[in-house]
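Here is the structure we will look at.
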Amino acid sequence: MQSCEISADSTDDPLSSGLRRKRQPRIVVIGAGLAGLSAAKALLESGFTDVTVLEATDRIGGRVQSVRLGHATFELGATWIHGSHGNPVYHLAEDNGLLEETTDSERSVGRISLYSKNGVAYHLTNSGQRIPKDVVEEFSDLYNEVYNLTQEFFQRGKPVNAESQNSVGVFTRDVVRKRVKADPDDTEAVKRLKLAMIQQYLKVESCESSSHSMDEVSLSEFGEWTEIPGAHHVIPCGFIKIVEILARSIPKSVIQLRKPVKCIHWNQSVSKEIERVADHNSDLPEENKGSNVFVECEDCEFIPADHVIVTVSLGVLKKRHESLFHPRLPEEKVMAIEKLGINTTDKIFLEFEEPFWSSECNSIQFVWEDEAESESLTYPEELWYKKICSFDVLYPPERYGHVLSGWICGEEALIMEKCDDETVAETCTEMLRKFTGNPNIPKPRRILRSSWGSNPHFRGSYSYTQVGSSGADVEKLAKPLPYAESSKSPPMQVMFSGEATHRKYYSTTHGAVLSGQREAARLIEMYQDLLQCPT
Ligand SMILES: Cc1cc2nc3c(=O)[nH]c(=O)nc-3n(C[C@H](O)[C@H](O)[C@H](O)COP(=O)(O)OP(=O)(O)OC[C@H]3O[C@@H](n4cnc5c(N)ncnc54)[C@H](O)[C@@H]3O)c2cc1C
Ligand SMILES: *[C@@H]1O[C@H](CO)[C@@H](O)[C@H](O)[C@H]1NC(C)=O
Ligand SMILES: *[C@@H]1O[C@H](CO)[C@@H](O)[C@H](O)[C@H]1NC(C)=O
Ligand SMILES: *[C@@H]1O[C@H](CO)[C@@H](O)[C@H](O)[C@H]1NC(C)=O
């Protein structure tokens, strides 16, 4: 990595130094995902004029990424608007006419079954059998009952007992197993199927949580994530439309693409350094000398700022916080970053010439009978595909063609990311042949997949509350620097926004939007006098 010289001559400031106190604060937003764009939009609309958004990649949207193939749009990232009234993403979509009519069948039924409308899920076993519908229904009811129990620990402050290890996975497996084994009405064969189904449901749940497995997800905190009531909507023309609508109100010159940030020098560390090394006639504009923060980009540009809003993912923070901040982050912030969880959920789209599934089938769920007694869901590298929990049928075929959308999470998703397209397509097809008992399924004609885990700008899909962490850590992550205790320093030099900083709505698009608006609101409040009396 090259090291950058501190030079500020690239920062042309139209304001003369005499205006220093009266000038508009300079705000730099890092990341042009939903959080960054929402923050920038809110700041500009409130009258701030010196706002810059720096984005590492060559596109806006971040973890919203819609890919157009033929007539159809496929979502590599966010897919559903979860809930309606009170969800800012829903309102944006609704106000801009992006939603189709909804029907009751679009409502989610229970926790698992996801949001695929039309038709029924086919639970297939590795011996090519379909699990009877009544067995699936009984099991779903049982699973949802136990899911409800997991919510009570947070919602009713129920104490967690030691055997559950404060883990959703351990608790759920344990309680569901006991109930399955104790059911006097089931034959041994049915019991065995249900025991195998537990693991499949936990894989689906883990894909929903973007954890390696549910064993890492905190039981005592699980119920803090809050669902906004209402249907789950997709945006037929692509989720990216939401991003484009937000960006519409932001002048083009505000957003700089392909501008990765290398280090955020806060606490006036650069200004102090300049004062130390440079003679007082240095060519640094007077204006920049007192800057609280300098944002150092990979291309060696130093951008002075009064406030920086960091929206990079928790995965990027985990990997890079030591080098991304100078001086280093306070211990409390580092602890929160390390304790909270983020892992990978990836999608695998397979397009087939002809459907090999029946028209009522909305998804294929893979139940491995040999996993009935397994304690953990971690596989040797060559068996990564056993972590694929299901393929959804994209509906309607007139829009998407004959496309299956598969889900995989955790370490095995990272292994999948390393394989080439050919290997993944072949492996998935082999799996579909095995579970459907149809050895003649031809290879898909196209494959498209995500790689959120290995992408250096994301390092994971979305956050969760890991065993050992809590909502308090989310608050600590969100808290602006410097902390109020060191009140002599200028306030709110480095601010934090993004999906992982929302205590109730982490892991969602609306959480990201609200977190961006939240940080903008802090600055709007701080500068209300300046904003109300424009000169
Ligand atoms: C597979 C998948 C499925 C999902 N499904 C749903 C769903 O159905 N519904 C839902 O509501 N949510 C869903 N989500 C979650 C949702 O996409 C995210 O919560 C949200 O988009 C996060 O927005 P953000 O602004 O917080 O972060 P990001 O979108 O990650 O934005 C941060 C930006 O920072 C940039 N960046 C990183 N490092 C640097 C750097 N050094 N310098 C400059 N820029 C940098 C990144 O490139 C990125 O553009 C899903 C996510 C994934 C991955
Ligand atoms: C779970 O709880 C929800 C809300 O409290 C309730 O509507 C639902 O019927 C419960 N489901 C089961 C299977 O107990
Ligand atoms: C910030 O700067 C002040 C004054 O130079 C110093 O006392 C303080 O320790 C610094 N804070 C951090 C987090 O480095
Ligand atoms: C996910 O979890 C696995 C297993 O614990 C780990 O190896 C990996 O680094 C984690 N991170 C990401 C980004 O997937």
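Naming works like this for the structure tokens: A, B, ... for the chains as they're shown, residue 1 at the start of each chain, ligands 1 onward in shown order.
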
Mind running chain A against ligand 2 at 6 Å and telling me each contacting residue's nearest atom pair with the distance in Å (one decimal), counting only C-alpha atoms and all ligand atoms, chain and number ascending, as a Markdown table?
| residue | atom | partner | partner_atom_place_in_ligand_line | distance |
| --- | --- | --- | --- | --- |
| A:Asp141 | CA | ligand 2 | 13 (C) | 5.0 |
| A:Asn144 | CA | ligand 2 | 13 (C) | 4.5 |
| A:Glu145 | CA | ligand 2 | 13 (C) | 3.9 |
| A:Asn148 | CA | ligand 2 | 1 (C) | 4.9 |

Between chain A and ligand 4, at 7 Å or less, what are the per-residue closest atom pairs and their distances in Å? Count only C-alpha atoms and all ligand atoms, order by chain and rising residue number, and return it as a tab-separated table.
residue	atom	partner	partner_atom_place_in_ligand_line	distance
A:Ser211	CA	ligand 4	1 (C)	6.9
A:His212	CA	ligand 4	2 (O)	4.9
A:Gly315	CA	ligand 4	13 (C)	6.3
A:Ile342	CA	ligand 4	13 (C)	6.7
A:Asn343	CA	ligand 4	14 (O)	4.0
A:Thr344	CA	ligand 4	14 (O)	4.3
A:Gly410	CA	ligand 4	1 (C)	4.9
A:Glu411	CA	ligand 4	3 (C)	4.2
A:Leu414	CA	ligand 4	14 (O)	6.2
A:Gly453	CA	ligand 4	13 (C)	4.3
A:Ser454	CA	ligand 4	13 (C)	6.6
A:Arg459	CA	ligand 4	13 (C)	4.5
A:Gly460	CA	ligand 4	13 (C)	4.1

Item to check | Surroundings of ligand 1 up to 7 Å, based on only C-alpha atoms and all ligand atoms, as a ChimeraX atom specification | outcome: /A:30-36,54-57,60-64,76-82,259-262,311-313,316,345-347,452,457-458,461-462,497-500,506-512

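Selecting all polymer residues at most 8 Å from ligand 3, using only C-alpha atoms and all ligand atoms, gives Asn267, Gln268, Ser269, Lys272, His326, Pro327, Arg328, Leu329, Pro330, Pro482, Ser486 and Ser489 of chain A.
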
Take the residues from that selection and put them in a file with all heavy atoms, as a compact mmCIF listing (two decimals), in the first residue's frame.
# COMPACT_ATOMS: atom_id res chain seq x y z
N ASN A 267 -9.97 13.91 15.28
CA ASN A 267 -9.39 14.52 16.49
C ASN A 267 -8.30 15.52 16.13
O ASN A 267 -7.34 15.70 16.86
CB ASN A 267 -8.82 13.42 17.41
CG ASN A 267 -8.68 13.90 18.85
OD1 ASN A 267 -9.41 14.77 19.29
ND2 ASN A 267 -7.72 13.33 19.56
N GLN A 268 -8.46 16.19 15.00
CA GLN A 268 -7.53 17.23 14.55
C GLN A 268 -6.10 16.70 14.41
O GLN A 268 -5.14 17.46 14.49
CB GLN A 268 -7.57 18.42 15.52
CG GLN A 268 -8.98 19.01 15.58
CD GLN A 268 -9.12 20.13 16.60
OE1 GLN A 268 -8.57 20.06 17.70
NE2 GLN A 268 -9.86 21.16 16.23
N SER A 269 -5.98 15.40 14.19
CA SER A 269 -4.64 14.82 14.17
C SER A 269 -3.80 15.33 13.01
O SER A 269 -2.60 15.52 13.16
CB SER A 269 -4.73 13.29 14.15
OG SER A 269 -5.53 12.85 13.08
N LYS A 272 -2.86 19.06 13.73
CA LYS A 272 -1.79 19.11 14.74
C LYS A 272 -0.45 18.75 14.11
O LYS A 272 0.57 19.35 14.41
CB LYS A 272 -2.09 18.16 15.89
CG LYS A 272 -3.18 18.68 16.84
CD LYS A 272 -3.53 17.61 17.89
CE LYS A 272 -4.88 17.89 18.51
NZ LYS A 272 -5.49 16.66 19.03
N HIS A 326 -7.59 7.10 12.36
CA HIS A 326 -6.38 7.59 13.01
C HIS A 326 -6.72 8.87 13.75
O HIS A 326 -7.15 9.82 13.11
CB HIS A 326 -5.28 7.86 11.96
CG HIS A 326 -4.10 8.52 12.58
ND1 HIS A 326 -3.71 9.82 12.28
CD2 HIS A 326 -3.23 8.06 13.51
CE1 HIS A 326 -2.64 10.12 13.00
NE2 HIS A 326 -2.33 9.09 13.75
N PRO A 327 -6.60 8.98 15.06
CA PRO A 327 -6.21 7.89 15.97
C PRO A 327 -7.22 6.74 15.97
O PRO A 327 -8.33 6.90 15.49
CB PRO A 327 -6.19 8.58 17.34
CG PRO A 327 -7.10 9.75 17.20
CD PRO A 327 -6.95 10.22 15.79
N ARG A 328 -6.78 5.64 16.53
CA ARG A 328 -7.64 4.46 16.58
C ARG A 328 -8.93 4.74 17.32
O ARG A 328 -9.01 5.63 18.15
CB ARG A 328 -6.91 3.33 17.30
CG ARG A 328 -5.84 2.72 16.46
CD ARG A 328 -5.32 1.51 17.17
NE ARG A 328 -4.23 0.95 16.39
CZ ARG A 328 -3.69 -0.22 16.64
NH1 ARG A 328 -4.15 -0.94 17.66
NH2 ARG A 328 -2.71 -0.67 15.90
N LEU A 329 -9.91 3.93 17.04
CA LEU A 329 -11.21 4.09 17.71
C LEU A 329 -11.06 3.77 19.19
O LEU A 329 -10.25 2.92 19.58
CB LEU A 329 -12.23 3.13 17.09
CG LEU A 329 -12.58 3.40 15.63
CD1 LEU A 329 -13.50 2.31 15.10
CD2 LEU A 329 -13.25 4.77 15.48
N PRO A 330 -11.89 4.44 20.02
CA PRO A 330 -11.88 4.11 21.45
C PRO A 330 -12.23 2.64 21.67
O PRO A 330 -12.97 2.04 20.88
CB PRO A 330 -12.97 5.01 22.03
CG PRO A 330 -13.24 6.05 21.01
CD PRO A 330 -12.84 5.50 19.68
N PRO A 482 -15.94 12.71 18.89
CA PRO A 482 -15.51 12.12 20.15
C PRO A 482 -16.68 11.97 21.13
O PRO A 482 -17.69 12.65 20.99
CB PRO A 482 -14.50 13.15 20.67
CG PRO A 482 -14.96 14.44 20.08
CD PRO A 482 -15.52 14.10 18.74
N SER A 486 -14.96 13.99 26.47
CA SER A 486 -13.85 14.88 26.10
C SER A 486 -14.43 16.13 25.45
O SER A 486 -14.21 16.41 24.28
CB SER A 486 -12.89 14.17 25.16
OG SER A 486 -13.61 13.62 24.08
N SER A 489 -13.05 18.85 22.72
CA SER A 489 -12.92 18.65 21.27
C SER A 489 -14.21 19.02 20.58
O SER A 489 -15.29 18.90 21.16
CB SER A 489 -12.60 17.19 20.97
OG SER A 489 -11.62 16.71 21.84

Checklist entry - Out of range 93-212 of chain A, which residues get alpha helix (DSSP H) from DSSP, as a PyMOL selection string? => result chain A and resi 93-95+133-155+168-182+188-209

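Closest to His233 in chain A among A:Gly468, A:Gly516, A:Pro491, A:Gly83 is A:Gly83, based on only C-alpha atoms.
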
Next on the checklist: From a backbone DSSP assignment, name each residue in range 146-298 of chain A labelled strand (DSSP E), as a PyMOL selection string.
Outcome noted: chain A and resi 232-234+255-256+261-265+293-297

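As for CA of Arg177 in chain A and CA of Leu432 in chain A, they are spaced 27.4 Å apart.
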
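For the pair CA of Leu377 in chain A and CA of Leu219 in chain A, the interatomic distance is 17.7 Å.
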
Item to check | Who sits within 10 Å of Ser46 in chain A, only C-alpha atoms, same chain under 4 positions skipped, as an MDAnalysis selection string | outcome: chainID A and resid 40:42 520:521 523:524 528 531:532
